[in-house]
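In what follows, a structure is listed as structure tokens, so that the remarks can point back to it.
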Amino acid sequence: MSEKKRFVVIGAGMSGILAAIKLSEAGQDNLVVYEKAQTIGGTWRENHYPGLTCDVPAHCYTYSFAPHPDWSAFYAPGPEIQSYFQRVIDDYDVRRFIQTDSEVTHCAWKDGKWEIGLADGRRDEADIVIAASGVLHHPRYPDIEGLRNFEGAMFHSARWDDALDPSGKRIGVIGNGSTGVQIVSALAPTARELVHFQRSPQWILPVTQFEYTDADRAAFRADPAKVDEIRYGEEYWNGVRRFTSAIVDPDSPQMKEIEELCLRNLEEGVRDPELRETLRPNYHAACKRLIYSWNYYDRIQEHDVVIDTSAIDRVEKRGIHMKSGKFYELDVIALATGFHADKFIKPTKVIGAGGQDLDDFWARRPTAHYAVTLPSFPNFFMLNGPTGPVGNFSLIDIAELQWGYIAQLMRPVLQGDASWVAPTREAHAAYEERRVEAARNTVFGTGCTSWYLDAEGVPGTWPWSYDAFADAMSKPNLDEYKFG
Ligand code: NAP
């Protein structure tokens, strides 16, 4: 065994916390987790809009090693998930490794080590870097004329103003992805007027939400097998497998099943024929990220939410002007307009071996070998990096699978049999070629716009099944790697 390696983990969200726990458990405690914000939690710290709920069943959205019997509902509200991560870092004693207010601005591979630079001028050095900086964390502000002229309250969904009391307010929500749908569903009962600006309709898969009782929670605590029944049970996993089979083959029976469920939800859930047509998409279900909701259609009908599908012309001091000529006077504009999903670790500057700049390597599209490693970036591992699986399943499970792959790749380095590991350029190029070709044939590439698509319109995602990903992660093909 060689002396302990120095690990730098970037980001203390779900993936970074996982890395810290796994490293600490393996005795690798020469470790620091740099977090740019004031607290941990990533997505669950940044998002705190009304209605925020994870649409993965709560018991399935935990680390496999840290089940949580105390969820309040089948689908957990965001703040509870944030509390879960706060608790886990103490339960697993990794808070001591986390340095908040510590933004990594550059990583450069020099003389066999990573030089790390932080925004406040600090420097560090690492043998191994784990980039766990998240995906959806660069808010996308819409390019709408006059946006800055609005004199009411206006913010992106990931910058929600918690001081805002929505009751009695006239509120406009721009965007109807998973976020916009959750916000509108939550605000409908309290807002005085609510306008949902819908540029393109969305398919909605109906799901059932319910609260757990104290007796349920006591039962989960008394018998962990009851949690396992949900987490590892057929209902959830059949759903995951159905979903990923459908993504891979848009003509599959699985896709037909999903489409039928969404279609029936629309036909039976929306009474007014005109509204129904307004909400009817003209593309495959799951082409855009499929929305799971138990209350959107009901809420917009019960509370007379206005769904406006005509294009926004401009924003003025007091509201939004539509191209149709209609004007909505508003107190609040919420921008549920999504994220720049192609940035990953950017704007951190990453310079690999031979001066390879990650910006150049990603000039065409962000990519990583099996979503985890990068040629010319030795001992640099990404969790939930580019080309990983996305969809309506737990990214915690994805990160855990990726950790299994990373742990195997690092082993020779940790054992002193090698100083570094990186995939070969050839192996990565071949992977990426196969991936791009397969991705074009997934449902994401069937003719809708979404954050899944890169600048060339190619889905930037894992294009094969969930099981194929788990399989790939279970054993790295070492022939595709160089050890130095
Ligand atoms: P999104 O899915 O990218 O949706 C952005 C929305 O904004 C779309 O409806 C888009 O319309 C609209 N939009 C963007 N620019 C616009 C403009 N200039 N004018 C009018 N409309 C505009 O973003 P998101 O809803 O924040 O969701 C992002 C991802 O976060 C989700 O796909 C999901 O992965 C994750 N998420 C997960 C959960 C969960 O429960 N697990 C909850 C929320 C979010 P077009 O469709 O016409 O482009």
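Ordering of the structure tokens sets the chain letters (A, B, ...), residue numbers begin anew at 1 in every chain, and ligands are numbered from 1 in the order given.
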
I'd like the neighbourhood of Gln28 in chain A as a ChimeraX atom specification, where a residue qualifies if any of its atoms comes within 12 Å (using only C-alpha atoms), though same-chain residues fewer than 5 positions away should be ignored.
/A:2-8,19-23,94,97,127-128,407,410-411,414-415

Dump N, CA and C atoms for the selected residues as a short mmCIF file (atom, residue, chain, number, x, y, z; two decimals), in the first residue's frame?
```cif
data_model
loop_
_atom_site.label_atom_id
_atom_site.label_comp_id
_atom_site.auth_asym_id
_atom_site.auth_seq_id
_atom_site.Cartn_x
_atom_site.Cartn_y
_atom_site.Cartn_z
N SER A 2 0.57 2.18 -0.89
CA SER A 2 1.29 3.45 -0.88
C SER A 2 0.64 4.38 0.14
N GLU A 3 1.27 5.55 0.35
CA GLU A 3 0.69 6.47 1.33
C GLU A 3 -0.65 6.98 0.80
N LYS A 4 -1.45 7.52 1.75
CA LYS A 4 -2.81 7.90 1.38
C LYS A 4 -2.82 8.95 0.29
N LYS A 5 -3.66 8.76 -0.67
CA LYS A 5 -3.80 9.73 -1.75
C LYS A 5 -4.65 10.90 -1.28
N ARG A 6 -4.42 12.04 -1.91
CA ARG A 6 -5.21 13.23 -1.59
C ARG A 6 -6.38 13.32 -2.58
N PHE A 7 -7.59 13.37 -2.03
CA PHE A 7 -8.78 13.48 -2.87
C PHE A 7 -9.40 14.87 -2.75
N VAL A 8 -9.76 15.46 -3.88
CA VAL A 8 -10.59 16.66 -3.87
C VAL A 8 -11.91 16.31 -4.57
N ALA A 19 -19.60 10.47 -2.60
CA ALA A 19 -18.15 10.22 -2.75
C ALA A 19 -17.46 10.33 -1.39
N ALA A 20 -17.84 11.36 -0.62
CA ALA A 20 -17.19 11.55 0.69
C ALA A 20 -17.45 10.35 1.59
N ILE A 21 -18.68 9.87 1.59
CA ILE A 21 -19.01 8.73 2.46
C ILE A 21 -18.22 7.49 2.02
N LYS A 22 -18.22 7.24 0.72
CA LYS A 22 -17.54 6.03 0.22
C LYS A 22 -16.03 6.10 0.49
N LEU A 23 -15.46 7.27 0.28
CA LEU A 23 -14.01 7.39 0.51
C LEU A 23 -13.69 7.25 1.98
N VAL A 94 -19.24 12.89 7.67
CA VAL A 94 -18.44 13.47 6.59
C VAL A 94 -18.50 14.99 6.56
N PHE A 97 -15.28 16.90 6.35
CA PHE A 97 -14.50 17.01 5.10
C PHE A 97 -14.98 18.15 4.21
N ASP A 127 -4.33 14.09 -5.75
CA ASP A 127 -3.99 12.97 -6.64
C ASP A 127 -5.19 12.62 -7.50
N ILE A 128 -6.35 12.74 -6.88
CA ILE A 128 -7.57 12.31 -7.56
C ILE A 128 -8.66 13.37 -7.36
N ALA A 407 -14.52 3.17 -8.25
CA ALA A 407 -13.74 2.49 -7.21
C ALA A 407 -12.83 1.43 -7.84
N MET A 410 -9.92 3.14 -9.73
CA MET A 410 -8.93 3.78 -8.85
C MET A 410 -8.04 2.77 -8.15
N ARG A 411 -8.51 1.54 -8.09
CA ARG A 411 -7.83 0.56 -7.23
C ARG A 411 -6.32 0.47 -7.50
N LEU A 414 -4.64 3.42 -6.00
CA LEU A 414 -4.63 3.42 -4.53
C LEU A 414 -3.68 2.34 -3.99
N GLN A 415 -3.53 1.29 -4.76
CA GLN A 415 -2.63 0.21 -4.31
C GLN A 415 -1.17 0.48 -4.66
#
```

Would you give me, as a tab-separated table, each residue of range 328-399 of chain A having an atom within 8 Å of an atom of range 454-468 of chain A, along with its shortest atom pair and that distance in Å to one decimal, using only C-alpha atoms and sorting by chain and residue number?
```
residue	atom	partner	partner_atom	distance
A:Asp342	CA	A:Asp454	CA	7.4
A:Arg364	CA	A:Ala455	CA	8.0
A:Arg365	CA	A:Asp454	CA	6.6
A:Pro366	CA	A:Gly460	CA	7.8
A:Thr367	CA	A:Gly460	CA	8.0
A:Pro386	CA	A:Gly460	CA	6.8
A:Thr387	CA	A:Thr461	CA	4.1
A:Gly388	CA	A:Trp462	CA	4.8
A:Pro389	CA	A:Trp462	CA	4.6
A:Val390	CA	A:Thr461	CA	6.5
```

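For Tyr481 in chain A, the non-local neighbours within 6 Å, defined as residues at least 2 positions apart in the same chain or in other chains and counting only C-alpha atoms, are Ala422, Pro423, Thr424, Leu478 and Asp479 of chain A.
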
Could you please take those selected residues and save N, CA and C atoms as a CSV table (one decimal), in the first residue's frame?
```
chain,number,residue,atom,x,y,z
A,422,ALA,N,-6.6,6.8,-17.0
A,422,ALA,CA,-7.5,7.6,-17.9
A,422,ALA,C,-7.9,6.7,-19.1
A,423,PRO,N,-9.1,7.0,-19.7
A,423,PRO,CA,-9.4,6.2,-20.8
A,423,PRO,C,-8.6,6.6,-22.1
A,424,THR,N,-8.4,5.6,-23.0
A,424,THR,CA,-7.7,6.0,-24.2
A,424,THR,C,-8.6,6.9,-25.1
A,478,LEU,N,-11.0,-2.7,-18.7
A,478,LEU,CA,-9.7,-2.1,-18.5
A,478,LEU,C,-8.8,-2.0,-19.8
A,479,ASP,N,-9.2,-2.7,-20.8
A,479,ASP,CA,-8.6,-2.5,-22.1
A,479,ASP,C,-8.8,-1.1,-22.7
```

Which residues are near Val372 in chain A? Cut-off 7 Å, only C-alpha atoms, ignore same chain within fewer than 6 positions. Put them as a list in words.
Phe381, Met382, Leu383 and Gly385 of chain A

Please produce a file of those selected residues containing all heavy atoms, as a tab-separated table (two decimals), in the first residue's frame.
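Now in part-v8.tsv:
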```
chain	number	residue	atom	x	y	z
A	381	PHE	N	-12.65	11.97	-12.22
A	381	PHE	CA	-13.85	11.16	-12.33
A	381	PHE	C	-15.09	12.03	-12.14
A	381	PHE	O	-15.12	12.86	-11.22
A	381	PHE	CB	-13.85	10.06	-11.27
A	381	PHE	CG	-12.64	9.15	-11.37
A	381	PHE	CD1	-11.54	9.36	-10.55
A	381	PHE	CD2	-12.61	8.12	-12.30
A	381	PHE	CE1	-10.43	8.54	-10.65
A	381	PHE	CE2	-11.50	7.29	-12.40
A	381	PHE	CZ	-10.40	7.50	-11.58
A	382	MET	N	-16.06	11.82	-12.99
A	382	MET	CA	-17.28	12.62	-12.88
A	382	MET	C	-18.43	11.76	-12.35
A	382	MET	O	-18.60	10.60	-12.76
A	382	MET	CB	-17.68	13.18	-14.25
A	382	MET	CG	-16.58	14.03	-14.86
A	382	MET	SD	-17.14	14.98	-16.29
A	382	MET	CE	-17.99	16.32	-15.47
A	383	LEU	N	-19.21	12.33	-11.45
A	383	LEU	CA	-20.45	11.69	-11.02
A	383	LEU	C	-21.59	12.48	-11.63
A	383	LEU	O	-21.62	13.71	-11.54
A	383	LEU	CB	-20.54	11.70	-9.49
A	383	LEU	CG	-19.63	10.69	-8.78
A	383	LEU	CD1	-19.60	10.96	-7.27
A	383	LEU	CD2	-20.08	9.26	-9.05
A	385	GLY	N	-22.05	13.01	-14.68
A	385	GLY	CA	-21.50	13.82	-15.75
A	385	GLY	C	-22.24	13.59	-17.06
A	385	GLY	O	-23.29	12.93	-17.09
```

Among range 166-414 of chain A, which ones does DSSP place in alpha helix (DSSP H), written as an MDAnalysis selection string?
chainID A and resid 178:187 214:222 224:231 234:248 253:269 273:278 296:302 358:361 395:414

Cut-off 7 Å: closest chain A/ligand 1 atom pairs per residue, using only C-alpha atoms and all ligand atoms, as a Markdown table:
```
| residue | atom | partner | partner_atom_place_in_ligand_line | distance |
| --- | --- | --- | --- | --- |
| A:Leu52 | CA | ligand 1 | 42 (C) | 6.6 |
| A:Thr53 | CA | ligand 1 | 40 (O) | 5.2 |
| A:Cys54 | CA | ligand 1 | 40 (O) | 3.6 |
| A:Asp55 | CA | ligand 1 | 40 (O) | 3.8 |
| A:Val56 | CA | ligand 1 | 41 (N) | 6.2 |
| A:Leu136 | CA | ligand 1 | 30 (O) | 6.5 |
| A:Pro142 | CA | ligand 1 | 18 (N) | 4.0 |
| A:Asp143 | CA | ligand 1 | 18 (N) | 5.4 |
| A:Ile144 | CA | ligand 1 | 18 (N) | 5.9 |
| A:Ile174 | CA | ligand 1 | 21 (N) | 5.5 |
| A:Gly175 | CA | ligand 1 | 7 (O) | 3.3 |
| A:Asn176 | CA | ligand 1 | 9 (O) | 3.8 |
| A:Gly177 | CA | ligand 1 | 25 (O) | 3.3 |
| A:Ser178 | CA | ligand 1 | 25 (O) | 4.1 |
| A:Thr179 | CA | ligand 1 | 25 (O) | 3.7 |
| A:Gly180 | CA | ligand 1 | 25 (O) | 5.4 |
| A:Phe197 | CA | ligand 1 | 20 (C) | 6.7 |
| A:Gln198 | CA | ligand 1 | 21 (N) | 6.2 |
| A:Arg199 | CA | ligand 1 | 47 (O) | 4.3 |
| A:Ser200 | CA | ligand 1 | 47 (O) | 4.2 |
| A:Arg289 | CA | ligand 1 | 32 (O) | 4.9 |
| A:Ile312 | CA | ligand 1 | 19 (N) | 6.8 |
| A:Ala336 | CA | ligand 1 | 26 (O) | 5.4 |
| A:Thr337 | CA | ligand 1 | 7 (O) | 3.3 |
| A:Gly338 | CA | ligand 1 | 23 (O) | 3.2 |
| A:Phe339 | CA | ligand 1 | 3 (O) | 6.0 |
| A:Gly391 | CA | ligand 1 | 34 (O) | 6.8 |
| A:Asn392 | CA | ligand 1 | 41 (N) | 7.0 |
| A:Thr449 | CA | ligand 1 | 48 (O) | 5.8 |
| A:Ser450 | CA | ligand 1 | 48 (O) | 6.0 |
| A:Trp451 | CA | ligand 1 | 3 (O) | 5.2 |
```

For Met14 in chain A, work out the shell of residues within 12 Å, counting only C-alpha atoms and skipping chain neighbours fewer than 4 positions away, then give it as a ChimeraX atom specification.
/A:9-10,18-21,35,40-45,61-63,81-86,88-89,131-135,383-384,394-400

Need the shell around Arg299 in chain A: protein/DNA/RNA residues with any atom at most 10 Å away, counting only C-alpha atoms. Skip same-chain ones fewer than 2 positions apart. Format as a list in words?
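What passes the distance filter is Val184, Ser185, Ala186, Leu187, Ala188, Pro189, Trp294, Asn295, Tyr296, Tyr297, Gln301, Glu302, His303, Asp304 and Val305 of chain A.
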
Print the selection's residues with all heavy atoms to a file, as a CSV table (one decimal), in the first residue's frame.
```csv
chain,number,residue,atom,x,y,z
A,184,VAL,N,-47.2,25.8,-10.6
A,184,VAL,CA,-48.6,26.2,-10.9
A,184,VAL,C,-49.6,25.4,-10.0
A,184,VAL,O,-50.5,25.9,-9.4
A,184,VAL,CB,-48.9,26.1,-12.4
A,184,VAL,CG1,-50.4,26.1,-12.7
A,184,VAL,CG2,-48.2,27.2,-13.2
A,185,SER,N,-49.3,24.1,-9.9
A,185,SER,CA,-50.2,23.2,-9.1
A,185,SER,C,-50.2,23.7,-7.6
A,185,SER,O,-51.2,23.7,-7.0
A,185,SER,CB,-49.7,21.8,-9.1
A,185,SER,OG,-49.5,21.3,-10.4
A,186,ALA,N,-49.1,24.2,-7.2
A,186,ALA,CA,-49.0,24.7,-5.7
A,186,ALA,C,-49.6,26.0,-5.6
A,186,ALA,O,-50.2,26.3,-4.5
A,186,ALA,CB,-47.5,24.7,-5.3
A,187,LEU,N,-49.5,26.9,-6.5
A,187,LEU,CA,-49.9,28.3,-6.3
A,187,LEU,C,-51.4,28.5,-6.7
A,187,LEU,O,-52.0,29.4,-6.2
A,187,LEU,CB,-49.1,29.3,-7.2
A,187,LEU,CG,-47.6,29.4,-6.8
A,187,LEU,CD1,-47.0,30.5,-7.7
A,187,LEU,CD2,-47.5,29.8,-5.3
A,188,ALA,N,-51.9,27.6,-7.5
A,188,ALA,CA,-53.3,27.8,-8.0
A,188,ALA,C,-54.3,28.0,-6.8
A,188,ALA,O,-55.2,29.0,-7.0
A,188,ALA,CB,-53.8,26.5,-8.8
A,189,PRO,N,-54.3,27.3,-5.7
A,189,PRO,CA,-55.3,27.6,-4.7
A,189,PRO,C,-55.2,29.0,-4.0
A,189,PRO,O,-56.1,29.5,-3.5
A,189,PRO,CB,-55.1,26.5,-3.7
A,189,PRO,CG,-54.3,25.4,-4.4
A,189,PRO,CD,-53.5,26.2,-5.4
A,294,TRP,N,-49.8,14.5,-10.0
A,294,TRP,CA,-51.1,14.0,-9.4
A,294,TRP,C,-52.1,15.1,-9.3
A,294,TRP,O,-53.3,14.8,-9.0
A,294,TRP,CB,-50.8,13.4,-8.0
A,294,TRP,CG,-50.1,14.3,-7.1
A,294,TRP,CD1,-50.7,15.2,-6.2
A,294,TRP,CD2,-48.7,14.4,-6.9
A,294,TRP,NE1,-49.7,15.9,-5.6
A,294,TRP,CE2,-48.5,15.4,-6.0
A,294,TRP,CE3,-47.6,13.8,-7.5
A,294,TRP,CZ2,-47.2,15.8,-5.6
A,294,TRP,CZ3,-46.4,14.2,-7.1
A,294,TRP,CH2,-46.2,15.2,-6.2
A,295,ASN,N,-51.8,16.3,-9.7
A,295,ASN,CA,-52.8,17.4,-9.4
A,295,ASN,C,-52.8,18.5,-10.4
A,295,ASN,O,-53.6,19.4,-10.3
A,295,ASN,CB,-52.6,17.9,-8.0
A,295,ASN,CG,-51.2,18.5,-7.8
A,295,ASN,OD1,-50.3,18.5,-8.7
A,295,ASN,ND2,-51.0,19.0,-6.6
A,296,TYR,N,-51.9,18.5,-11.4
A,296,TYR,CA,-51.9,19.7,-12.3
A,296,TYR,C,-53.2,19.9,-13.0
A,296,TYR,O,-53.8,21.0,-12.9
A,296,TYR,CB,-50.7,19.5,-13.3
A,296,TYR,CG,-50.6,20.7,-14.3
A,296,TYR,CD1,-50.2,22.0,-13.8
A,296,TYR,CD2,-51.0,20.6,-15.6
A,296,TYR,CE1,-50.1,23.0,-14.7
A,296,TYR,CE2,-50.9,21.6,-16.5
A,296,TYR,CZ,-50.4,22.9,-16.1
A,296,TYR,OH,-50.3,23.9,-16.9
A,297,TYR,N,-53.7,18.9,-13.7
A,297,TYR,CA,-55.0,19.1,-14.5
A,297,TYR,C,-56.1,19.5,-13.5
A,297,TYR,O,-56.9,20.4,-13.8
A,297,TYR,CB,-55.4,17.8,-15.2
A,297,TYR,CG,-54.5,17.5,-16.4
A,297,TYR,CD1,-54.5,16.2,-16.9
A,297,TYR,CD2,-53.8,18.5,-17.1
A,297,TYR,CE1,-53.7,15.8,-18.0
A,297,TYR,CE2,-53.0,18.1,-18.2
A,297,TYR,CZ,-53.0,16.8,-18.7
A,297,TYR,OH,-52.2,16.5,-19.8
A,301,GLN,N,-58.0,23.4,-13.5
A,301,GLN,CA,-59.4,23.5,-13.8
A,301,GLN,C,-60.2,24.0,-12.5
A,301,GLN,O,-61.1,24.9,-12.7
A,301,GLN,CB,-60.0,22.1,-14.2
A,301,GLN,CG,-59.4,21.7,-15.5
A,301,GLN,CD,-59.8,20.3,-15.9
A,301,GLN,OE1,-60.8,20.1,-16.6
A,301,GLN,NE2,-59.0,19.3,-15.4
A,302,GLU,N,-59.8,23.5,-11.4
A,302,GLU,CA,-60.6,24.0,-10.2
A,302,GLU,C,-60.4,25.5,-9.9
A,302,GLU,O,-61.3,26.1,-9.3
A,302,GLU,CB,-60.0,23.2,-8.9
A,302,GLU,CG,-60.5,21.8,-8.8
A,302,GLU,CD,-59.6,21.0,-7.9
A,302,GLU,OE1,-58.8,21.5,-7.1
A,302,GLU,OE2,-59.8,19.7,-7.9
A,303,HIS,N,-59.2,26.0,-10.3
A,303,HIS,CA,-58.9,27.4,-9.9
A,303,HIS,C,-58.8,28.3,-11.1
A,303,HIS,O,-58.3,29.4,-11.0
A,303,HIS,CB,-57.6,27.4,-9.1
A,303,HIS,CG,-57.7,26.6,-7.8
A,303,HIS,ND1,-58.4,27.0,-6.7
A,303,HIS,CD2,-57.3,25.3,-7.6
A,303,HIS,CE1,-58.3,26.1,-5.8
A,303,HIS,NE2,-57.7,25.0,-6.3
A,304,ASP,N,-59.4,27.9,-12.2
A,304,ASP,CA,-59.5,28.7,-13.4
A,304,ASP,C,-58.1,29.4,-13.8
A,304,ASP,O,-58.0,30.6,-14.0
A,304,ASP,CB,-60.5,29.9,-13.2
A,304,ASP,CG,-61.9,29.3,-13.2
A,304,ASP,OD1,-62.1,28.3,-13.9
A,304,ASP,OD2,-62.7,29.8,-12.5
A,305,VAL,N,-57.1,28.6,-13.8
A,305,VAL,CA,-55.8,29.1,-14.2
A,305,VAL,C,-55.9,29.3,-15.7
A,305,VAL,O,-56.4,28.5,-16.4
A,305,VAL,CB,-54.7,28.0,-13.9
A,305,VAL,CG1,-53.3,28.4,-14.5
A,305,VAL,CG2,-54.6,27.8,-12.4
```

Strand (DSSP E or B) positions in range 295-465 of chain A, given as JSON, numbers by chain
{"A": [306, 307, 308, 312, 313, 314, 315, 316, 319, 320, 321, 322, 327, 328, 329, 332, 333, 334, 335, 339, 349, 350, 351, 357, 369, 373, 374, 377, 378, 379, 380, 381, 382, 421, 422, 423, 453, 459]}

Quick one: everything within 6 Å of Val173 in chain A, counting only C-alpha atoms, minus sequence neighbours fewer than 3 positions away in the same chain. Send it as JSON, numbers by chain.
{"A": [196, 333, 334]}

Give me, as CSV, each residue of range 256-370 of chain A that comes within 6 Å of range 103-125 of chain A, together with its shortest interatomic pair and the distance in Å at one decimal, counting only C-alpha atoms, with rows ordered by chain and rising residue number.
```
residue,atom,partner,partner_atom,distance
A:Thr348,CA,A:Thr105,CA,4.5
A:Lys349,CA,A:His106,CA,4.5
A:Val350,CA,A:Cys107,CA,4.8
A:Ile351,CA,A:Ala108,CA,4.6
A:Gly352,CA,A:Trp109,CA,5.1
A:Ala353,CA,A:Trp109,CA,5.7
```

At what distance in Å, to one decimal, does CA of Leu205 in chain A lie from CA of Thr446 in chain A?
18.6 Å

Counting only C-alpha atoms, which residue out of A:Ile258, A:Leu453, A:Asp272, A:Leu401 sits closest to Ser245 in chain A?
A:Ile258

Closest of A:Val32, A:Ala285, A:Ala158, A:Leu164 to Gln99 in chain A - atom-to-atom distances counting only C-alpha atoms:
A:Val32

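Picture a line from CA of Lys475 in chain A to CA of Asn379 in chain A; it runs 17.4 Å.
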
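Among the candidates A:Asp471, A:Val443, A:His59, A:Ile204, the one nearest to Glu267 in chain A when counting only C-alpha atoms is A:Ile204.
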
Rounded to one decimal place, report the CA of Leu147 in chain A-CA of Arg159 in chain A distance in Å.
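CA of Arg159 in chain A lies at a distance of 15.9 Å from CA of Leu147 in chain A.
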